[in-house]
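Asker: Next comes the structure file query.json, holding JSON, C-alpha atoms.
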[["chain", "number", "residue", "atom", "x", "y", "z"],
["A", 247, "MET", "CA", -60.25, 33.97, 10.04],
["A", 248, "LYS", "CA", -61.17, 36.33, 7.21],
["A", 249, "ILE", "CA", -58.78, 39.15, 6.35],
["A", 250, "MET", "CA", -59.77, 41.98, 4.03],
["A", 251, "SER", "CA", -57.46, 44.45, 2.29],
["A", 252, "LEU", "CA", -58.47, 47.70, 0.57],
["A", 253, "SER", "CA", -56.77, 50.86, -0.66],
["A", 254, "LEU", "CA", -59.18, 53.65, 0.26],
["A", 255, "ASN", "CA", -58.04, 56.78, -1.61],
["A", 256, "ASN", "CA", -61.33, 58.59, -1.06],
["A", 257, "PHE", "CA", -61.71, 60.39, 2.28],
["A", 258, "LEU", "CA", -60.88, 63.83, 0.86],
["A", 259, "TYR", "CA", -63.56, 63.74, -1.79],
["A", 260, "GLU", "CA", -67.29, 64.46, -1.95],
["A", 261, "GLU", "CA", -68.03, 60.83, -2.86],
["A", 262, "TRP", "CA", -66.88, 59.62, 0.58],
["A", 263, "LYS", "CA", -70.30, 60.05, 2.21],
["A", 264, "ASN", "CA", -71.74, 57.65, -0.39],
["A", 265, "GLN", "CA", -68.77, 55.30, -0.47],
["A", 266, "LEU", "CA", -68.63, 54.78, 3.29],
["A", 267, "PRO", "CA", -71.88, 52.76, 3.52],
["A", 268, "LEU", "CA", -70.76, 50.64, 0.55],
["A", 269, "ILE", "CA", -67.55, 49.77, 2.40],
["A", 270, "VAL", "CA", -69.44, 48.99, 5.60],
["A", 271, "ASP", "CA", -71.93, 46.77, 3.79],
["A", 272, "GLU", "CA", -69.16, 44.76, 2.11],
["A", 273, "ILE", "CA", -67.26, 44.25, 5.37],
["A", 274, "ILE", "CA", -70.44, 42.92, 6.98],
["A", 275, "LYS", "CA", -71.44, 40.85, 3.94],
["A", 276, "GLN", "CA", -68.05, 39.14, 3.82],
["A", 277, "ASP", "CA", -67.98, 38.70, 7.62],
["A", 278, "ALA", "CA", -64.42, 40.06, 7.80],
["A", 279, "ASP", "CA", -62.49, 39.61, 11.05],
["A", 280, "VAL", "CA", -59.62, 41.93, 10.09],
["A", 281, "VAL", "CA", -59.61, 44.88, 7.70],
["A", 282, "ALA", "CA", -56.22, 46.15, 6.51],
["A", 283, "LEU", "CA", -56.46, 49.56, 4.87],
["A", 284, "GLN", "CA", -54.00, 51.52, 2.79],
["A", 285, "ASN", "CA", -54.07, 55.14, 1.61],
["A", 286, "VAL", "CA", -55.98, 56.08, 4.76],
["A", 287, "ARG", "CA", -56.56, 59.80, 5.22],
["A", 288, "GLY", "CA", -57.58, 62.26, 7.90],
["A", 289, "LEU", "CA", -57.47, 65.93, 8.89],
["A", 290, "ILE", "CA", -54.35, 67.17, 10.67],
["A", 291, "SER", "CA", -56.37, 69.91, 12.37],
["A", 292, "ASP", "CA", -58.99, 67.48, 13.68],
["A", 293, "LEU", "CA", -57.55, 64.08, 14.55],
["A", 294, "ASP", "CA", -60.99, 62.57, 15.19],
["A", 295, "ASN", "CA", -62.05, 63.42, 11.65],
["A", 296, "ASN", "CA", -60.56, 60.61, 9.60],
["A", 297, "ALA", "CA", -61.60, 57.65, 7.49],
["A", 298, "ILE", "CA", -60.99, 55.10, 10.26],
["A", 299, "LYS", "CA", -63.11, 56.93, 12.84],
["A", 300, "HIS", "CA", -65.91, 57.30, 10.29],
["A", 301, "LEU", "CA", -65.65, 53.61, 9.44],
["A", 302, "GLN", "CA", -65.62, 52.46, 13.08],
["A", 303, "ASP", "CA", -68.66, 54.57, 13.91],
["A", 304, "ALA", "CA", -70.59, 53.35, 10.85],
["A", 305, "LEU", "CA", -69.78, 49.71, 11.64],
["A", 306, "LYS", "CA", -70.82, 50.19, 15.28],
["A", 307, "GLU", "CA", -74.20, 51.48, 14.13],
["A", 308, "LYS", "CA", -74.61, 48.13, 12.33],
["A", 309, "ASN", "CA", -73.67, 46.23, 15.53],
["A", 310, "ASN", "CA", -70.37, 45.18, 13.99],
["A", 311, "GLU", "CA", -67.64, 46.55, 16.24],
["A", 312, "PHE", "CA", -63.93, 46.45, 15.54],
["A", 313, "PHE", "CA", -62.41, 47.09, 18.97],
["A", 314, "TRP", "CA", -58.71, 46.61, 18.17],
["A", 315, "VAL", "CA", -57.31, 49.28, 15.87],
["A", 316, "VAL", "CA", -53.86, 50.49, 14.86],
["A", 317, "VAL", "CA", -53.56, 53.63, 12.73],
["A", 318, "GLN", "CA", -50.29, 55.05, 11.44],
["A", 319, "PRO", "CA", -50.26, 58.48, 9.78],
["A", 320, "VAL", "CA", -46.91, 58.97, 8.06],
["A", 321, "MET", "CA", -47.18, 61.75, 5.49],
["A", 322, "ARG", "CA", -49.13, 64.79, 4.43],
["A", 323, "HIS", "CA", -51.23, 64.32, 1.38],
["A", 324, "ALA", "CA", -49.70, 65.86, -1.75],
["A", 325, "GLU", "CA", -52.95, 67.44, -2.94],
["A", 326, "ASP", "CA", -53.80, 69.00, 0.41],
["A", 327, "PRO", "CA", -51.11, 69.44, 3.12],
["A", 328, "GLU", "CA", -53.83, 69.79, 5.77],
["A", 329, "ASN", "CA", -54.55, 66.07, 5.45],
["A", 330, "TRP", "CA", -52.47, 63.12, 6.57],
["A", 331, "GLU", "CA", -52.16, 59.78, 4.82],
["A", 332, "GLY", "CA", -51.14, 56.38, 6.17],
["A", 333, "LEU", "CA", -52.13, 52.82, 7.06],
["A", 334, "ALA", "CA", -54.57, 51.12, 9.42],
["A", 335, "ILE", "CA", -55.66, 47.71, 10.68],
["A", 336, "LEU", "CA", -59.10, 47.19, 12.22],
["A", 337, "SER", "CA", -59.80, 43.91, 13.97],
["A", 338, "ARG", "CA", -62.63, 42.11, 15.73],
["A", 339, "ILE", "CA", -60.02, 39.68, 17.07],
["A", 340, "ALA", "CA", -57.60, 40.92, 19.71],
["A", 341, "PHE", "CA", -54.05, 41.17, 18.50],
["A", 342, "ILE", "CA", -51.19, 40.56, 20.88],
["A", 343, "ASP", "CA", -49.25, 43.58, 19.73],
["A", 344, "SER", "CA", -48.71, 45.88, 16.79],
["A", 345, "ARG", "CA", -45.85, 47.94, 15.46],
["A", 346, "CYS", "CA", -44.96, 50.43, 12.73],
["A", 347, "GLN", "CA", -41.75, 51.04, 10.83],
["A", 348, "VAL", "CA", -41.22, 54.13, 8.67],
["A", 349, "LEU", "CA", -39.45, 53.15, 5.44],
["A", 350, "PRO", "CA", -36.35, 54.96, 4.12],
["A", 351, "ILE", "CA", -36.66, 57.40, 1.23],
["A", 352, "GLY", "CA", -34.40, 56.73, -1.74],
["A", 353, "GLU", "CA", -33.29, 58.68, -4.80],
["A", 354, "GLY", "CA", -36.53, 58.35, -6.80],
["A", 355, "GLU", "CA", -38.97, 61.18, -7.47],
["A", 356, "ASP", "CA", -41.37, 60.18, -4.68],
["A", 357, "LYS", "CA", -40.18, 61.80, -1.44],
["A", 358, "LYS", "CA", -43.27, 61.06, 0.66],
["A", 359, "LEU", "CA", -42.84, 59.00, 3.82],
["A", 360, "ARG", "CA", -44.28, 55.51, 3.78],
["A", 361, "SER", "CA", -44.44, 52.79, 6.40],
["A", 362, "ILE", "CA", -45.28, 49.19, 7.17],
["A", 363, "ILE", "CA", -47.44, 48.12, 10.12],
["A", 364, "TYR", "CA", -48.33, 44.75, 11.58],
["A", 365, "GLY", "CA", -50.80, 43.12, 13.92],
["A", 366, "ARG", "CA", -49.69, 39.90, 15.68],
["A", 367, "TYR", "CA", -52.26, 37.25, 16.58],
["A", 368, "LYS", "CA", -52.37, 33.97, 18.44],
["A", 369, "LEU", "CA", -53.99, 31.25, 16.38],
["A", 370, "SER", "CA", -54.85, 27.85, 17.83],
["A", 371, "ASP", "CA", -51.35, 26.47, 17.34],
["A", 372, "CYS", "CA", -49.09, 29.35, 16.33],
["A", 373, "PHE", "CA", -48.42, 33.07, 16.27],
["A", 374, "PHE", "CA", -49.47, 34.86, 13.11],
["A", 375, "TYR", "CA", -48.54, 38.25, 11.64],
["A", 376, "ILE", "CA", -50.41, 40.51, 9.21],
["A", 377, "PHE", "CA", -48.04, 43.02, 7.58],
["A", 378, "ASN", "CA", -49.86, 45.90, 5.90],
["A", 379, "ASN", "CA", -48.07, 47.91, 3.19],
["A", 380, "TYR", "CA", -48.55, 50.81, 0.79],
["A", 381, "PHE", "CA", -45.66, 51.01, -1.67],
["A", 382, "SER", "CA", -44.62, 54.04, -3.70],
["A", 383, "PHE", "CA", -45.92, 54.80, -7.21],
["A", 384, "ASP", "CA", -42.27, 55.42, -8.19],
["A", 385, "ASN", "CA", -40.72, 52.11, -9.28],
["A", 386, "GLN", "CA", -37.27, 52.89, -7.87],
["A", 387, "GLN", "CA", -38.73, 53.79, -4.48],
["A", 388, "ALA", "CA", -41.12, 50.82, -4.59],
["A", 389, "ILE", "CA", -38.16, 48.45, -5.00],
["A", 390, "LEU", "CA", -36.64, 50.03, -1.90],
["A", 391, "ASP", "CA", -39.98, 49.67, -0.11],
["A", 392, "ALA", "CA", -40.01, 45.96, -0.97],
["A", 393, "VAL", "CA", -36.48, 45.42, 0.30],
["A", 394, "ASN", "CA", -36.99, 47.34, 3.54],
["A", 395, "GLY", "CA", -40.51, 46.06, 4.05],
["A", 396, "HIS", "CA", -39.23, 42.51, 3.89],
["A", 397, "ALA", "CA", -36.34, 43.39, 6.23],
["A", 398, "PHE", "CA", -38.89, 44.52, 8.82],
["A", 399, "THR", "CA", -40.40, 41.01, 8.81],
["A", 400, "VAL", "CA", -37.09, 39.19, 9.35],
["A", 401, "GLY", "CA", -36.98, 37.53, 12.74],
["A", 402, "CYS", "CA", -40.73, 37.06, 12.95],
["A", 403, "PRO", "CA", -42.16, 33.53, 12.94],
["A", 404, "GLU", "CA", -42.81, 32.00, 9.53],
["A", 405, "HIS", "CA", -46.58, 32.37, 9.77],
["A", 406, "ALA", "CA", -47.38, 35.67, 8.08],
["A", 407, "LEU", "CA", -49.25, 37.54, 5.38],
["A", 408, "PHE", "CA", -47.64, 40.49, 3.58],
["A", 409, "LEU", "CA", -50.43, 42.44, 1.91],
["A", 410, "GLY", "CA", -51.57, 45.80, 0.64],
["A", 411, "ASP", "CA", -51.45, 48.25, -2.25],
["A", 412, "PHE", "CA", -48.08, 47.73, -3.96],
["A", 413, "ASN", "CA", -48.53, 50.17, -6.87],
["A", 414, "SER", "CA", -46.85, 47.49, -9.00],
["A", 415, "THR", "CA", -47.98, 44.66, -11.26],
["A", 416, "PRO", "CA", -46.79, 41.03, -11.11],
["A", 417, "GLU", "CA", -44.05, 41.47, -13.70],
["A", 418, "MET", "CA", -42.51, 44.54, -12.02],
["A", 419, "GLU", "CA", -39.35, 44.51, -9.94],
["A", 420, "PRO", "CA", -40.89, 45.29, -6.50],
["A", 421, "VAL", "CA", -43.07, 42.16, -6.73],
["A", 422, "LYS", "CA", -40.15, 40.10, -8.04],
["A", 423, "LYS", "CA", -38.06, 41.25, -5.07],
["A", 424, "LEU", "CA", -40.62, 39.95, -2.61],
["A", 425, "LYS", "CA", -40.72, 36.60, -4.38],
["A", 426, "GLU", "CA", -36.92, 36.44, -4.29],
["A", 427, "HIS", "CA", -37.16, 36.83, -0.52],
["A", 428, "GLY", "CA", -39.48, 33.82, -0.34],
["A", 429, "TRP", "CA", -42.90, 35.47, -0.25],
["A", 430, "ILE", "CA", -45.54, 33.53, -2.21],
["A", 431, "ASP", "CA", -48.23, 35.28, -4.27],
["A", 432, "THR", "CA", -51.43, 33.88, -2.75],
["A", 433, "TRP", "CA", -53.64, 34.77, -5.71],
["A", 434, "GLU", "CA", -51.21, 33.17, -8.16],
["A", 435, "MET", "CA", -51.11, 30.01, -6.03],
["A", 436, "MET", "CA", -54.87, 29.72, -5.52],
["A", 437, "HIS", "CA", -56.11, 30.97, -8.92],
["A", 438, "PRO", "CA", -53.36, 30.49, -11.53],
["A", 439, "ASP", "CA", -55.86, 30.71, -14.39],
["A", 440, "LYS", "CA", -57.68, 33.85, -13.19],
["A", 441, "ILE", "CA", -56.52, 37.43, -13.75],
["A", 442, "GLY", "CA", -57.52, 39.02, -10.45],
["A", 443, "PHE", "CA", -57.28, 42.65, -11.62],
["A", 444, "THR", "CA", -57.84, 45.21, -8.85],
["A", 445, "TYR", "CA", -57.33, 48.63, -10.47],
["A", 446, "PRO", "CA", -59.08, 50.79, -11.47],
["A", 447, "SER", "CA", -62.32, 49.58, -9.92],
["A", 448, "SER", "CA", -64.54, 50.90, -12.71],
["A", 449, "ASP", "CA", -62.60, 49.04, -15.44],
["A", 450, "PRO", "CA", -59.99, 46.74, -13.86],
["A", 451, "GLY", "CA", -56.93, 46.25, -16.02],
["A", 452, "LYS", "CA", -54.09, 45.82, -13.52],
["A", 453, "ARG", "CA", -53.35, 43.67, -10.48],
["A", 454, "THR", "CA", -51.72, 46.11, -8.06],
["A", 455, "SER", "CA", -53.07, 44.83, -4.73],
["A", 456, "PHE", "CA", -51.57, 41.61, -3.43],
["A", 457, "VAL", "CA", -51.60, 39.15, -0.58],
["A", 458, "PHE", "CA", -48.33, 37.28, -0.13],
["A", 459, "HIS", "CA", -47.91, 34.49, 2.39],
["A", 460, "SER", "CA", -44.83, 33.01, 4.00],
["A", 461, "LYS", "CA", -43.53, 29.63, 2.93],
["A", 462, "GLY", "CA", -45.11, 26.82, 4.92],
["A", 463, "PHE", "CA", -48.41, 28.65, 5.41],
["A", 464, "GLU", "CA", -50.06, 27.18, 2.30],
["A", 465, "SER", "CA", -52.07, 24.59, 4.18],
["A", 466, "ARG", "CA", -53.81, 27.28, 6.24],
["A", 467, "ILE", "CA", -55.14, 29.18, 3.20],
["A", 468, "LYS", "CA", -58.71, 28.31, 2.20],
["A", 469, "ASP", "CA", -59.44, 30.92, -0.46],
["A", 470, "ILE", "CA", -58.73, 34.40, -1.79],
["A", 471, "LYS", "CA", -61.15, 36.52, -3.82],
["A", 472, "VAL", "CA", -61.71, 40.02, -5.15],
["A", 473, "VAL", "CA", -64.17, 42.14, -3.12],
["A", 474, "PHE", "CA", -65.60, 45.68, -3.15],
["A", 475, "ALA", "CA", -66.41, 45.07, -6.81],
["A", 476, "GLU", "CA", -70.06, 46.18, -6.82],
["A", 477, "PRO", "CA", -71.00, 49.83, -7.48],
["A", 478, "ASP", "CA", -74.11, 51.56, -6.19],
["A", 479, "ASP", "CA", -77.08, 52.42, -8.40],
["A", 480, "ASN", "CA", -75.23, 55.48, -9.70],
["A", 481, "GLY", "CA", -72.13, 53.51, -10.67],
["A", 482, "LEU", "CA", -70.05, 54.66, -7.67],
["A", 483, "TYR", "CA", -67.58, 52.08, -6.32],
["A", 484, "PRO", "CA", -66.45, 51.84, -2.67],
["A", 485, "SER", "CA", -62.97, 52.95, -3.79],
["A", 486, "ASN", "CA", -61.01, 53.47, -6.99],
["A", 487, "HIS", "CA", -59.33, 50.15, -6.10],
["A", 488, "LEU", "CA", -60.95, 46.76, -5.64],
["A", 489, "GLY", "CA", -60.05, 44.84, -2.51],
["A", 490, "LEU", "CA", -59.03, 41.31, -1.60],
["A", 491, "LEU", "CA", -60.40, 38.86, 0.98],
["A", 492, "ILE", "CA", -58.33, 35.93, 2.20],
["A", 493, "ASP", "CA", -59.79, 33.13, 4.28],
["A", 494, "ILE", "CA", -57.42, 31.13, 6.52],
["A", 495, "ASP", "CA", -57.80, 28.34, 9.06]]
What would you get if you wrote out this structure as structure tokens?

Answerer:
Amino acid sequence: MKIMSLSLNNFLYEEWKNQLPLIVDEIIKQDADVVALQNVRGLISDLDNNAIKHLQDALKEKNNEFFWVVVQPVMRHAEDPENWEGLAILSRIAFIDSRCQVLPIGEGEDKKLRSIIYGRYKLSDCFFYIFNNYFSFDNQQAILDAVNGHAFTVGCPEHALFLGDFNSTPEMEPVKKLKEHGWIDTWEMMHPDKIGFTYPSSDPGKRTSFVFHSKGFESRIKDIKVVFAEPDDNGLYPSNHLGLLIDID
């Protein structure tokens, strides 16, 4: 099972029409089964006009259909209140169920709503969760996102990934909080000697996108790598973030 994660951050801009085929091509090239997306955007006035619908249609044209989809708009985009922003999971594999939880807003400067969503799957011998997250850019709020995001996972079986755009680097408190709660940094485990920077895509200097896995899931992980790292002939990248692909048994 191949699971891809990418922070989009591009639907509102002119470059989208050129970025969309780059995203589609990478999904097909990597043979992804699940695509978890953060910073997903769409028009409030036209609910069918959004990044996920565009992506589904473009994939279908390539005979690569993702039938099972969960989309969660949670906030209006700060630059344009006519657009919503949220999370999504696209899947070629049927999930058993999915759910969203809106996260509390704290005392930091970021007052935009954020959420966490999951898709639950049945593997050959266990149930398996993919938790998709998009933490705040404000460190104080991101710490709260980490605490409440983890709390949402409590009570689920131990087999899980906790992934997304965390707007934090490995040494920052939100990431440390997740580790304190037992989540294991998959990149750090698999590639301790590699940097794995994911932002910005044109000149990566930070690792802000992560895949964490639950304790006891190590034996199921085959590999993790950076994807969406190739620009087009004009130097345009699929997003301003690079993505991650994790391969599990």

Asker: Find, counting only C-alpha atoms, the residue in A:Val317, A:Val473, A:Val348, A:Ala278 that gets nearest to Ser485 in chain A.

Answerer: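 The answer is A:Val473, which sits nearest to Ser485 in chain A.
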
Asker: Considering only C-alpha atoms, state which residue in the set A:Leu252, A:Ile376, A:Ala340, A:Val400 is at the smallest distance from Ile273 in chain A.

Answerer: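 Closest candidate: A:Leu252.
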
Asker: Between A:Asn310, A:Thr454, A:Ser253, A:Ser382, which has the minimum distance to Lys275 in chain A (counting all atoms listed in the file)?

Answerer: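 Using all atoms listed in the file, Lys275 in chain A sits closest to A:Asn310.
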
Asker: Pick out the residues sitting within 7 Å of range 327-330 of chain A, and hand them over as an MDAnalysis selection string; count all atoms listed in the file, and ignore anything fewer than 2 positions along from it in its own chain.

Answerer: chainID A and resid 287:290 319 321:325 332

Asker: Output C-alpha atoms for every residue in that selection, as an mmCIF file, keeping the file's coordinate frame.

Answerer:
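Okay, this is what ended up in part38.cif:
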data_model
loop_
_atom_site.group_PDB
_atom_site.id
_atom_site.type_symbol
_atom_site.label_atom_id
_atom_site.label_comp_id
_atom_site.auth_asym_id
_atom_site.auth_seq_id
_atom_site.Cartn_x
_atom_site.Cartn_y
_atom_site.Cartn_z
ATOM 1 C CA ARG A 287 -56.560 59.800 5.220
ATOM 2 C CA GLY A 288 -57.580 62.260 7.900
ATOM 3 C CA LEU A 289 -57.470 65.930 8.890
ATOM 4 C CA ILE A 290 -54.350 67.170 10.670
ATOM 5 C CA PRO A 319 -50.260 58.480 9.780
ATOM 6 C CA MET A 321 -47.180 61.750 5.490
ATOM 7 C CA ARG A 322 -49.130 64.790 4.430
ATOM 8 C CA HIS A 323 -51.230 64.320 1.380
ATOM 9 C CA ALA A 324 -49.700 65.860 -1.750
ATOM 10 C CA GLU A 325 -52.950 67.440 -2.940
ATOM 11 C CA GLY A 332 -51.140 56.380 6.170
#

Asker: Would you mind telling me which residue in A:Lys452, A:Pro446, A:Pro484, A:Gln284 lies nearest to Asp271 in chain A when using all atoms listed in the file?

Answerer: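 Looking only at the distances to Asp271 in chain A, the closest residue turns out to be A:Pro484.
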
Asker: Around (-57.7, 29.2, 2.1) in the file's own coordinates, what residues are found within 9 Å if you use only C-alpha atoms, given back as a PyMOL selection string?

Answerer: chain A and resi 436+464-470+492-495
